[in-house]
Every structure is written in C-alpha cells, then in structure tokens.
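Content type PDB, C-alpha atoms, from the file final-v6.pdb:
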MODEL        1
ATOM      1  CA  MET A   1       0.000   0.000   0.000
ATOM      2  CA  ALA A   2       2.822   2.413   0.836
ATOM      3  CA  GLN A   3       4.467   1.750  -2.522
ATOM      4  CA  THR A   4       1.170   2.390  -4.327
ATOM      5  CA  ASN A   5       0.763   5.685  -2.514
ATOM      6  CA  THR A   6       4.302   6.701  -3.425
ATOM      7  CA  THR A   7       3.700   5.800  -7.077
ATOM      8  CA  ASP A   8       0.426   7.733  -7.147
ATOM      9  CA  GLN A   9       2.122  10.743  -5.593
ATOM     10  CA  ALA A  10       4.896  10.634  -8.182
ATOM     11  CA  SER A  11       2.366  10.365 -11.019
ATOM     12  CA  PHE A  12       0.442  13.336  -9.613
ATOM     13  CA  SER A  13       3.632  15.430  -9.442
ATOM     14  CA  ILE A  14       4.576  14.526 -13.008
ATOM     15  CA  ALA A  15       1.096  15.449 -14.269
ATOM     16  CA  CYS A  16       1.373  18.785 -12.440
ATOM     17  CA  ALA A  17       4.780  19.474 -14.020
ATOM     18  CA  ILE A  18       3.472  18.760 -17.528
ATOM     19  CA  GLY A  19       0.360  20.877 -16.960
ATOM     20  CA  ALA A  20       2.535  23.698 -15.641
ATOM     21  CA  SER A  21       4.697  23.514 -18.757
ATOM     22  CA  LEU A  22       1.640  24.018 -20.959
ATOM     23  CA  GLY A  23       0.511  26.977 -18.874
ATOM     24  CA  PHE A  24       3.943  28.616 -18.928
ATOM     25  CA  SER A  25       4.310  28.079 -22.687
ATOM     26  CA  ILE A  26       1.022  29.879 -23.346
ATOM     27  CA  SER A  27       2.160  32.720 -21.104
ATOM     28  CA  ASP A  28       5.514  32.860 -22.926
ATOM     29  CA  ILE A  29       4.080  33.263 -26.414
ATOM     30  CA  THR A  30       1.577  35.824 -25.160
ATOM     31  CA  VAL A  31       4.245  37.957 -23.495
ATOM     32  CA  ARG A  32       6.514  37.627 -26.525
ATOM     33  CA  SER A  33       3.747  39.008 -28.744
ATOM     34  CA  PHE A  34       4.191  42.342 -26.923
ATOM     35  CA  SER A  35       7.974  42.521 -27.506
ATOM     36  CA  THR A  36       7.668  45.147 -30.252
ATOM     37  CA  SER A  37       4.871  47.247 -28.755
ATOM     38  CA  LEU A  38       4.786  47.436 -24.933
ATOM     39  CA  PRO A  39       7.514  47.463 -22.239
ATOM     40  CA  LEU A  40       8.180  44.140 -20.542
ATOM     41  CA  ALA A  41       7.604  45.355 -16.974
ATOM     42  CA  GLU A  42       4.193  46.753 -17.906
ATOM     43  CA  VAL A  43       3.187  43.477 -19.565
ATOM     44  CA  VAL A  44       4.298  41.394 -16.578
ATOM     45  CA  LEU A  45       2.612  43.810 -14.141
ATOM     46  CA  PHE A  46      -0.790  43.489 -15.823
ATOM     47  CA  ARG A  47      -0.280  39.750 -16.255
ATOM     48  CA  SER A  48       0.336  39.496 -12.513
ATOM     49  CA  PHE A  49      -2.810  41.476 -11.618
ATOM     50  CA  PHE A  50      -4.897  39.099 -13.702
ATOM     51  CA  GLY A  51      -2.893  36.161 -12.332
ATOM     52  CA  LEU A  52      -3.685  37.148  -8.746
ATOM     53  CA  ALA A  53      -7.360  37.472  -9.568
ATOM     54  CA  PHE A  54      -7.328  34.053 -11.219
ATOM     55  CA  VAL A  55      -5.602  32.461  -8.218
ATOM     56  CA  PHE A  56      -8.243  33.735  -5.808
ATOM     57  CA  LEU A  57     -11.174  32.870  -8.055
ATOM     58  CA  VAL A  58     -10.015  29.357  -8.993
ATOM     59  CA  PHE A  59      -7.519  28.068  -6.449
ATOM     60  CA  ALA A  60      -8.332  29.881  -3.207
ATOM     61  CA  ARG A  61     -11.822  28.290  -3.041
ATOM     62  CA  GLY A  62     -13.210  30.712  -0.493
ATOM     63  CA  ARG A  63     -10.091  31.117   1.627
ATOM     64  CA  GLY A  64      -9.594  34.660   2.850
ATOM     65  CA  LEU A  65      -6.684  36.869   1.896
ATOM     66  CA  GLY A  66      -5.222  36.629   5.400
ATOM     67  CA  ALA A  67      -5.246  32.837   5.347
ATOM     68  CA  ALA A  68      -3.675  32.700   1.901
ATOM     69  CA  LEU A  69      -0.911  35.122   2.897
ATOM     70  CA  ARG A  70      -0.183  33.507   6.255
ATOM     71  CA  THR A  71       3.364  32.122   6.256
ATOM     72  CA  ARG A  72       6.156  31.004   8.556
ATOM     73  CA  ARG A  73       8.815  31.969   5.992
ATOM     74  CA  PRO A  74       8.388  35.624   4.893
ATOM     75  CA  LEU A  75      12.088  36.131   4.128
ATOM     76  CA  ALA A  76      12.220  32.896   2.157
ATOM     77  CA  HIS A  77       9.242  34.087   0.084
ATOM     78  CA  ALA A  78      10.996  37.387  -0.571
ATOM     79  CA  ALA A  79      14.168  35.635  -1.737
ATOM     80  CA  ARG A  80      12.168  33.162  -3.844
ATOM     81  CA  GLY A  81      10.244  36.064  -5.392
ATOM     82  CA  LEU A  82      13.500  37.821  -6.317
ATOM     83  CA  PHE A  83      14.753  34.665  -8.019
ATOM     84  CA  VAL A  84      11.590  34.244 -10.072
ATOM     85  CA  VAL A  85      11.478  37.915 -11.103
ATOM     86  CA  ILE A  86      15.079  37.768 -12.333
ATOM     87  CA  SER A  87      14.287  34.535 -14.144
ATOM     88  CA  ASN A  88      11.205  35.901 -15.904
ATOM     89  CA  VAL A  89      12.602  39.301 -16.851
ATOM     90  CA  SER A  90      15.828  37.909 -18.284
ATOM     91  CA  TYR A  91      14.021  35.123 -20.163
ATOM     92  CA  PHE A  92      11.393  37.372 -21.737
ATOM     93  CA  ALA A  93      14.028  39.932 -22.688
ATOM     94  CA  GLY A  94      15.926  37.132 -24.414
ATOM     95  CA  LEU A  95      12.793  36.087 -26.304
ATOM     96  CA  ALA A  96      12.681  39.524 -27.933
ATOM     97  CA  ALA A  97      16.082  38.946 -29.548
ATOM     98  CA  MET A  98      16.271  35.236 -30.442
ATOM     99  CA  PRO A  99      14.145  32.312 -31.667
ATOM    100  CA  LEU A 100      11.719  30.841 -29.166
ATOM    101  CA  ALA A 101      12.996  27.248 -29.417
ATOM    102  CA  GLU A 102      16.645  28.243 -28.870
ATOM    103  CA  ALA A 103      15.862  30.553 -25.945
ATOM    104  CA  SER A 104      13.708  27.863 -24.386
ATOM    105  CA  ALA A 105      16.416  25.240 -24.887
ATOM    106  CA  ILE A 106      19.042  27.388 -23.164
ATOM    107  CA  PHE A 107      16.622  28.037 -20.335
ATOM    108  CA  PHE A 108      15.987  24.333 -19.981
ATOM    109  CA  VAL A 109      19.362  23.693 -18.534
ATOM    110  CA  ALA A 110      17.454  24.759 -15.386
ATOM    111  CA  PRO A 111      16.020  21.298 -14.602
ATOM    112  CA  LEU A 112      19.541  19.907 -14.929
ATOM    113  CA  LEU A 113      20.761  22.559 -12.511
ATOM    114  CA  ILE A 114      17.882  21.751 -10.148
ATOM    115  CA  THR A 115      18.931  18.110 -10.107
ATOM    116  CA  ALA A 116      22.523  19.130  -9.356
ATOM    117  CA  LEU A 117      21.493  21.594  -6.638
ATOM    118  CA  SER A 118      19.216  18.937  -5.130
ATOM    119  CA  ALA A 119      22.293  16.787  -4.607
ATOM    120  CA  VAL A 120      24.474  19.565  -3.212
ATOM    121  CA  ILE A 121      21.960  21.485  -1.076
ATOM    122  CA  LEU A 122      19.130  19.060  -0.313
ATOM    123  CA  ARG A 123      21.322  15.943  -0.102
ATOM    124  CA  GLU A 124      19.164  14.022  -2.591
ATOM    125  CA  TYR A 125      21.168  11.204  -4.164
ATOM    126  CA  VAL A 126      22.324  11.709  -7.771
ATOM    127  CA  GLY A 127      24.284   8.825  -9.255
ATOM    128  CA  PRO A 128      27.061   8.835 -11.880
ATOM    129  CA  LEU A 129      24.720   8.118 -14.781
ATOM    130  CA  ARG A 130      22.612  11.171 -14.021
ATOM    131  CA  TRP A 131      25.712  13.333 -13.543
ATOM    132  CA  SER A 132      26.802  12.162 -17.008
ATOM    133  CA  ALA A 133      23.407  13.118 -18.404
ATOM    134  CA  LEU A 134      23.790  16.585 -16.868
ATOM    135  CA  ALA A 135      27.133  16.967 -18.636
ATOM    136  CA  VAL A 136      25.553  16.015 -21.970
ATOM    137  CA  GLY A 137      22.832  18.600 -21.420
ATOM    138  CA  MET A 138      25.420  21.290 -20.756
ATOM    139  CA  MET A 139      27.161  20.367 -24.013
ATOM    140  CA  GLY A 140      23.843  20.968 -25.754
ATOM    141  CA  VAL A 141      23.603  24.436 -24.221
ATOM    142  CA  LEU A 142      27.110  25.286 -25.436
ATOM    143  CA  LEU A 143      26.170  24.242 -28.977
ATOM    144  CA  ILE A 144      23.298  26.712 -28.941
ATOM    145  CA  ILE A 145      25.170  29.570 -27.263
ATOM    146  CA  LYS A 146      28.269  29.113 -29.488
ATOM    147  CA  PRO A 147      30.731  30.891 -27.158
ATOM    148  CA  GLY A 148      33.724  32.351 -28.961
ATOM    149  CA  SER A 149      32.167  32.081 -32.433
ATOM    150  CA  ILE A 150      31.288  34.926 -34.783
ATOM    151  CA  ASP A 151      27.596  34.088 -34.303
ATOM    152  CA  PHE A 152      27.722  34.715 -30.541
ATOM    153  CA  GLN A 153      25.304  37.369 -29.254
ATOM    154  CA  TRP A 154      25.148  38.599 -25.679
ATOM    155  CA  ALA A 155      21.365  38.146 -25.670
ATOM    156  CA  VAL A 156      21.821  34.355 -25.509
ATOM    157  CA  LEU A 157      23.169  34.821 -21.973
ATOM    158  CA  LEU A 158      19.775  36.117 -20.825
ATOM    159  CA  PRO A 159      18.049  32.700 -20.947
ATOM    160  CA  ALA A 160      21.133  31.238 -19.230
ATOM    161  CA  LEU A 161      20.760  33.764 -16.392
ATOM    162  CA  SER A 162      17.058  32.914 -16.296
ATOM    163  CA  ALA A 163      17.878  29.212 -15.934
ATOM    164  CA  LEU A 164      20.238  29.838 -13.026
ATOM    165  CA  ALA A 165      17.706  32.005 -11.178
ATOM    166  CA  TYR A 166      14.925  29.497 -11.866
ATOM    167  CA  ALA A 167      17.004  26.631 -10.483
ATOM    168  CA  GLY A 168      17.693  28.636  -7.345
ATOM    169  CA  MET A 169      14.001  29.442  -6.967
ATOM    170  CA  HIS A 170      12.848  25.825  -7.189
ATOM    171  CA  THR A 171      15.590  24.585  -4.925
ATOM    172  CA  MET A 172      14.198  27.041  -2.383
ATOM    173  CA  THR A 173      10.682  25.705  -3.069
ATOM    174  CA  ARG A 174      11.931  22.234  -2.282
ATOM    175  CA  ASN A 175      13.628  23.445   0.905
ATOM    176  CA  MET A 176      10.442  25.204   2.044
ATOM    177  CA  GLY A 177       8.767  21.815   1.743
ATOM    178  CA  LEU A 178       5.376  21.173   3.273
ATOM    179  CA  SER A 179       5.447  24.212   5.544
ATOM    180  CA  GLU A 180       3.904  26.358   2.773
ATOM    181  CA  SER A 181       0.885  25.591   0.602
ATOM    182  CA  ALA A 182       0.964  25.753  -3.187
ATOM    183  CA  LEU A 183      -1.568  28.595  -2.972
ATOM    184  CA  THR A 184       0.665  30.642  -0.675
ATOM    185  CA  LEU A 185       3.704  29.989  -2.871
ATOM    186  CA  SER A 186       1.774  31.088  -5.961
ATOM    187  CA  ILE A 187       0.370  34.266  -4.411
ATOM    188  CA  TYR A 188       3.722  35.495  -3.145
ATOM    189  CA  ILE A 189       5.231  34.949  -6.597
ATOM    190  CA  GLN A 190       2.541  37.126  -8.196
ATOM    191  CA  LEU A 191       3.003  39.785  -5.501
ATOM    192  CA  SER A 192       6.747  39.798  -6.184
ATOM    193  CA  PHE A 193       6.030  40.572  -9.829
ATOM    194  CA  VAL A 194       3.698  43.419  -8.866
ATOM    195  CA  VAL A 195       6.237  45.053  -6.541
ATOM    196  CA  PHE A 196       9.229  44.681  -8.867
ATOM    197  CA  CYS A 197       7.440  45.719 -12.070
ATOM    198  CA  SER A 198       5.890  48.732 -10.374
ATOM    199  CA  ALA A 199       9.377  49.792  -9.304
ATOM    200  CA  MET A 200      10.629  49.351 -12.878
ATOM    201  CA  GLY A 201       7.777  51.517 -14.109
ATOM    202  CA  LEU A 202       8.786  54.314 -11.734
ATOM    203  CA  VAL A 203      12.416  54.164 -12.908
ATOM    204  CA  PHE A 204      12.082  53.437 -16.635
ATOM    205  CA  GLY A 205       8.437  54.276 -17.416
ATOM    206  CA  ARG A 206       9.165  57.529 -19.219
ATOM    207  CA  GLY A 207      11.401  55.777 -21.748
ATOM    208  CA  ASP A 208      14.440  57.966 -21.064
ATOM    209  CA  TRP A 209      16.717  54.922 -21.286
ATOM    210  CA  ALA A 210      15.250  53.612 -24.540
ATOM    211  CA  GLY A 211      16.636  54.091 -28.033
ATOM    212  CA  THR A 212      19.433  51.512 -28.014
ATOM    213  CA  GLY A 213      17.999  49.709 -31.029
ATOM    214  CA  HIS A 214      18.577  46.276 -29.493
ATOM    215  CA  PRO A 215      15.332  44.250 -29.276
ATOM    216  CA  ALA A 216      15.998  42.922 -25.757
ATOM    217  CA  ALA A 217      16.994  46.343 -24.362
ATOM    218  CA  GLU A 218      14.041  48.059 -26.020
ATOM    219  CA  PHE A 219      11.616  45.518 -24.550
ATOM    220  CA  LEU A 220      12.996  46.361 -21.113
ATOM    221  CA  LEU A 221      13.335  50.140 -21.441
ATOM    222  CA  ARG A 222      10.663  51.538 -23.787
ATOM    223  CA  ALA A 223       8.135  54.029 -22.409
ATOM    224  CA  TRP A 224       4.920  52.830 -20.786
ATOM    225  CA  VAL A 225       1.667  53.471 -22.673
ATOM    226  CA  TRP A 226      -2.002  52.747 -21.994
ATOM    227  CA  PRO A 227      -2.922  49.243 -23.219
ATOM    228  CA  THR A 228      -5.744  48.643 -25.684
ATOM    229  CA  GLN A 229      -8.816  46.490 -25.046
ATOM    230  CA  GLN A 230      -7.186  43.648 -27.016
ATOM    231  CA  ASP A 231      -4.063  44.013 -24.863
ATOM    232  CA  TYR A 232      -6.138  43.509 -21.712
ATOM    233  CA  MET A 233      -7.579  40.297 -23.154
ATOM    234  CA  LEU A 234      -4.070  38.995 -23.797
ATOM    235  CA  PHE A 235      -2.995  40.055 -20.301
ATOM    236  CA  ALA A 236      -5.875  38.021 -18.886
ATOM    237  CA  LEU A 237      -4.855  34.969 -20.931
ATOM    238  CA  ALA A 238      -1.218  35.278 -19.858
ATOM    239  CA  GLY A 239      -2.222  35.828 -16.230
ATOM    240  CA  ALA A 240      -4.475  32.784 -16.102
ATOM    241  CA  ALA A 241      -1.893  30.591 -17.833
ATOM    242  CA  SER A 242       0.962  31.822 -15.633
ATOM    243  CA  ALA A 243      -1.043  31.464 -12.416
ATOM    244  CA  THR A 244      -2.097  27.948 -13.335
ATOM    245  CA  GLY A 245       1.481  27.022 -14.173
ATOM    246  CA  GLY A 246       2.781  28.519 -10.939
ATOM    247  CA  TYR A 247       0.217  26.686  -8.838
ATOM    248  CA  LEU A 248       0.795  23.331 -10.546
ATOM    249  CA  ILE A 249       4.578  23.501 -10.415
ATOM    250  CA  GLY A 250       4.400  24.448  -6.740
ATOM    251  CA  GLN A 251       2.302  21.333  -6.113
ATOM    252  CA  ALA A 252       4.740  19.173  -8.081
ATOM    253  CA  TYR A 253       7.824  20.254  -6.128
ATOM    254  CA  ARG A 254       6.049  20.056  -2.781
ATOM    255  CA  CYS A 255       4.888  16.475  -3.310
ATOM    256  CA  SER A 256       7.920  14.727  -4.825
ATOM    257  CA  ALA A 257      11.696  14.815  -5.004
ATOM    258  CA  ALA A 258      13.064  17.631  -7.141
ATOM    259  CA  GLY A 259      15.046  15.214  -9.298
ATOM    260  CA  LEU A 260      11.802  13.420 -10.236
ATOM    261  CA  VAL A 261       9.813  16.516 -11.139
ATOM    262  CA  ALA A 262      12.413  18.635 -12.932
ATOM    263  CA  PRO A 263      12.931  16.546 -16.107
ATOM    264  CA  PHE A 264       9.230  16.588 -16.956
ATOM    265  CA  GLU A 265       9.381  20.336 -17.346
ATOM    266  CA  TYR A 266      11.085  19.571 -20.664
ATOM    267  CA  THR A 267       7.602  19.261 -22.100
ATOM    268  CA  ALA A 268       7.794  23.038 -22.496
ATOM    269  CA  LEU A 269      10.855  22.675 -24.764
ATOM    270  CA  VAL A 270       8.816  20.612 -27.225
ATOM    271  CA  LEU A 271       5.976  23.136 -26.985
ATOM    272  CA  ALA A 272       8.377  26.031 -27.611
ATOM    273  CA  ALA A 273       9.636  24.414 -30.812
ATOM    274  CA  PHE A 274       6.038  23.889 -31.930
ATOM    275  CA  TRP A 275       4.871  27.440 -31.129
ATOM    276  CA  GLY A 276       7.995  28.987 -32.669
ATOM    277  CA  PHE A 277       7.366  27.208 -35.964
ATOM    278  CA  ALA A 278       3.565  27.490 -35.992
ATOM    279  CA  ILE A 279       3.398  31.201 -35.096
ATOM    280  CA  TRP A 280       6.687  32.751 -36.214
ATOM    281  CA  GLY A 281       7.970  30.206 -38.760
ATOM    282  CA  GLU A 282      11.197  29.654 -36.796
ATOM    283  CA  VAL A 283      13.259  26.582 -37.595
ATOM    284  CA  PRO A 284      16.477  25.959 -35.577
ATOM    285  CA  GLY A 285      19.714  25.511 -37.515
ATOM    286  CA  ALA A 286      21.519  22.167 -37.615
ATOM    287  CA  VAL A 287      23.931  22.952 -34.757
ATOM    288  CA  SER A 288      21.205  24.459 -32.567
ATOM    289  CA  GLY A 289      18.957  21.509 -33.382
ATOM    290  CA  LEU A 290      21.669  19.138 -32.179
ATOM    291  CA  GLY A 291      22.015  21.150 -28.980
ATOM    292  CA  ILE A 292      18.267  21.032 -28.390
ATOM    293  CA  ALA A 293      18.281  17.262 -28.968
ATOM    294  CA  LEU A 294      21.105  16.774 -26.449
ATOM    295  CA  ILE A 295      19.298  18.833 -23.808
ATOM    296  CA  LEU A 296      16.021  17.032 -24.405
ATOM    297  CA  GLY A 297      17.685  13.612 -24.456
ATOM    298  CA  SER A 298      19.560  14.190 -21.222
ATOM    299  CA  GLY A 299      16.365  15.338 -19.530
ATOM    300  CA  VAL A 300      14.442  12.278 -20.684
ATOM    301  CA  PHE A 301      17.263  10.007 -19.498
ATOM    302  CA  VAL A 302      17.260  11.594 -16.048
ATOM    303  CA  ALA A 303      13.482  11.249 -15.931
ATOM    304  CA  LEU A 304      13.680   7.536 -16.745
ATOM    305  CA  ARG A 305      16.344   6.997 -14.094
ATOM    306  CA  GLU A 306      14.150   8.720 -11.510
ATOM    307  CA  ARG A 307      11.167   6.574 -12.436
ATOM    308  CA  VAL A 308      13.225   3.385 -12.144
ATOM    309  CA  ARG A 309      14.598   4.367  -8.744
ATOM    310  CA  ARG A 310      11.174   5.598  -7.495
ATOM    311  CA  LEU A 311      12.599   8.164  -5.117
ATOM    312  CA  PRO A 312      10.294   9.018  -2.197
ATOM    313  CA  PRO A 313       9.435  12.668  -1.511
ATOM    314  CA  SER A 314      11.788  14.399   0.891
ATOM    315  CA  ALA A 315       9.773  17.524   1.712
ATOM    316  CA  LYS A 316       9.250  16.589   5.353
ATOM    317  CA  ARG A 317      12.970  16.271   5.918
ATOM    318  CA  ALA A 318      13.757  19.414   3.946
ATOM    319  CA  SER A 319      11.185  21.558   5.714
ATOM    320  CA  GLY A 320      12.066  20.375   9.186
ATOM    321  CA  ARG A 321       8.609  18.934   9.848
ATOM    322  CA  ARG A 322       8.083  15.493  11.377
TER
ENDMDL
END
Here is the file; what I need is its structure written in the form of structure tokens.
Amino acid sequence: MAQTNTTDQASFSIACAIGASLGFSISDITVRSFSTSLPLAEVVLFRSFFGLAFVFLVFARGRGLGAALRTRRPLAHAARGLFVVISNVSYFAGLAAMPLAEASAIFFVAPLLITALSAVILREYVGPLRWSALAVGMMGVLLIIKPGSIDFQWAVLLPALSALAYAGMHTMTRNMGLSESALTLSIYIQLSFVVFCSAMGLVFGRGDWAGTGHPAAEFLLRAWVWPTQQDYMLFALAGAASATGGYLIGQAYRCSAAGLVAPFEYTALVLAAFWGFAIWGEVPGAVSGLGIALILGSGVFVALRERVRRLPPSAKRASGRR
C-alpha cells in the first residue's frame, strides 16, 4: 500500500509538471507578442494582476486573503520572489532577440541545474549516470550559445541567467517543503512581480533609457503606454496561464523529489519548438537543433532513471517537519 501511494504521488507530481509547462508556454508566447509594442515590466505587471485574480477565483476556493498570505517563511518568500522575477525578466528579454525554441532550450538547462542543486543542497542522491546526463545537457547548451564564435550574441546569456535564477528558486521551493501551501507559494510569486514591475515603471516608465535599437533592451526600457482592449484580453490569458502554471509547479515540487519533477518540465521545450514554428515560422539551424536534442535527451534520461529508482518525496525532511 505504501508503494502504491508513493507511485500515485509521483504520477500526480509529473502530471502537475506537464500541466505547468503548458501553462507557462502559453504565457511565454503571449508575453513575446508584446515585444515590439509594450515594455516588458508593464506586460508582466498586468499579467500578474490578472494572475492574482485568477488564483483567488479558482484556487483559493473561499479562503480569505489573510489565510492565503499567512506564512512562517516571509524572508524565504521574498528571496524566492527575487529569483523568479530575475528569471522571468531575463528570459522574456531574451525572447525579444532570439528564436523561441533556442531561448527555451538554453533556459531548460534549469532542470539539470535543479537536479545538481538537489544533490548539493538538499542531499538528494544523484548517481554517476545522471551526472553524465547533466554533462551532456550542458554540451547541448554550449552548442546553442556558441561561445567564442562569430555568431555569438550577448542576448543568448539572458536565458542562461534565467535558468540559473529558476534553479535557485525551485531549490528554495523544495527546501520550504510542506510548511507552505501551493496557494501561498503562488500568491507570493505574483506579488513579487507586482512590486518589482511597479518599481521598474517608476524608474524606466518615461522611456528615457530607450533608443538603443537592441530588441531585448528596447523591450525592457521603452516608455509605458495605456494598453488597448485587445491588450487587456491577452494580459488576462497570460495571467491565467501563468497562475495555473505557478500553482501546478508548486504542487509538483512540494509532493515529490526535485530530481523526479524537474525533467518533466522539458515538455515546455517541445511546446516552444512547436509554437515557434507554428506562429513565427522559426526553424532551428543544424547545430542548434543538435544542442536542443542533447538537452532534451539528457532530460528524458534523467526522468527515466528517476522513475526506475522511485525516489520518495523528501519535503518533510527538507522543511524540518516530522
């Protein structure tokens, strides 16, 4: 019976991770659609307002604001919020300057980093085969970034920064364990976006820093303008998709070992390739395609190893609860 429960819990976490990937991918393409018209901070701010509303309407299920915000770890939420803001801003800025599939592939070194950080920080066992898979995934990232080549652009470092911040954020989620609900985790993330993006609006909202001509910099620094009715509809879509993804991924990392959950986030890499081709007609080059395949293959291998080993969740140990 205990083994069945563990298997069911793992299956639930995997389903949450895949559902979160779909939600985040819809949010990604929606935010990217604004990269030539509105400033990034304004887009994320409105997305977060709609995301908060969606969380309370769908996930709170009658719980009051005080109950949803109640936490034992306010400083941990603040640090986690900073990580996720850095991750989102750098990733979306990168999307303005490079193909969706390549940016997503670079970002998806994050689950590999999560697995590594789980071993170092959370003391979850990672064997030599999975370490080898992590190395293969990193080789794939290098093929896409092309350091030292004439094709290198600094914008490719933005998804890499996003991956590092994202890995740090989810390692913190794992460490916070069962002491915080998925609802509380999701709400504090949305509030972090509101605070940070409002601050960016105060500093850069007039557009005084714009005019560089670089797509990523312009997305960050252009002047704020009043959105149209169609813009608000897209904000609502992005907010609902992002909030759903945030809630589901919080559930996944609370219920199972980080090394089990992380590889299934690679579903979003496949979705990114699909959306990039279907919407923008983007097709990765041969070298980038090889890099994407290496990253995807290493993630699938790690996922299969985790399923074979059937690691139990370690949230109780990580959070200090008994």
Next item on the list: Could you expand the PyMOL selection byres ((chain A and resi 234) around 10) into the explicit residues it covers here, written as a VMD selection string?
Entry: chain A and resid 27 30 to 31 33 to 34 43 46 to 47 228 to 233 235 to 240
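Between Ala216 (chain A) and the candidates A:Phe56, A:Phe12, A:Phe50, A:Trp154, the tightest atom-to-atom separation, counting all atoms listed in the file, involves A:Trp154.
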Next item on the list: Determine the residue membership of the PyMOL selection byres ((chain A and resi 145) around 9) for the file above and supply it as a VMD selection string.
Entry: chain A and resid 102 106 140 to 144 146 to 147 151 to 153 156 to 157 288
Margin query: Quick one: residues within 7 Å of Cys16 (chain A), all atoms listed in the file, excluding same-chain residues fewer than 6 positions away - as a count of residues only?
Written below: 4
Note to self: One number please: CA of Leu269 (chain A) to CA of Ala293 (chain A), in Å, one decimal.
What the structure shows: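 A separation of 10.1 Å between them.
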Note to self: As a check of understanding, name the residues that the PyMOL selection byres ((chain A and resi 163) around 7) selects in the supplied structure, as an NGL selection string.
What the structure shows: :A and (87 or 107-110 or 159-162 or 164-167)
Next item on the list: Between A:Leu40, A:Met172, A:Leu185, A:Cys197, single out the one closest to Ser118 (chain A), counting all atoms listed in the file.
Entry: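 Among the listed residues, A:Met172 lies closest to Ser118 (chain A).
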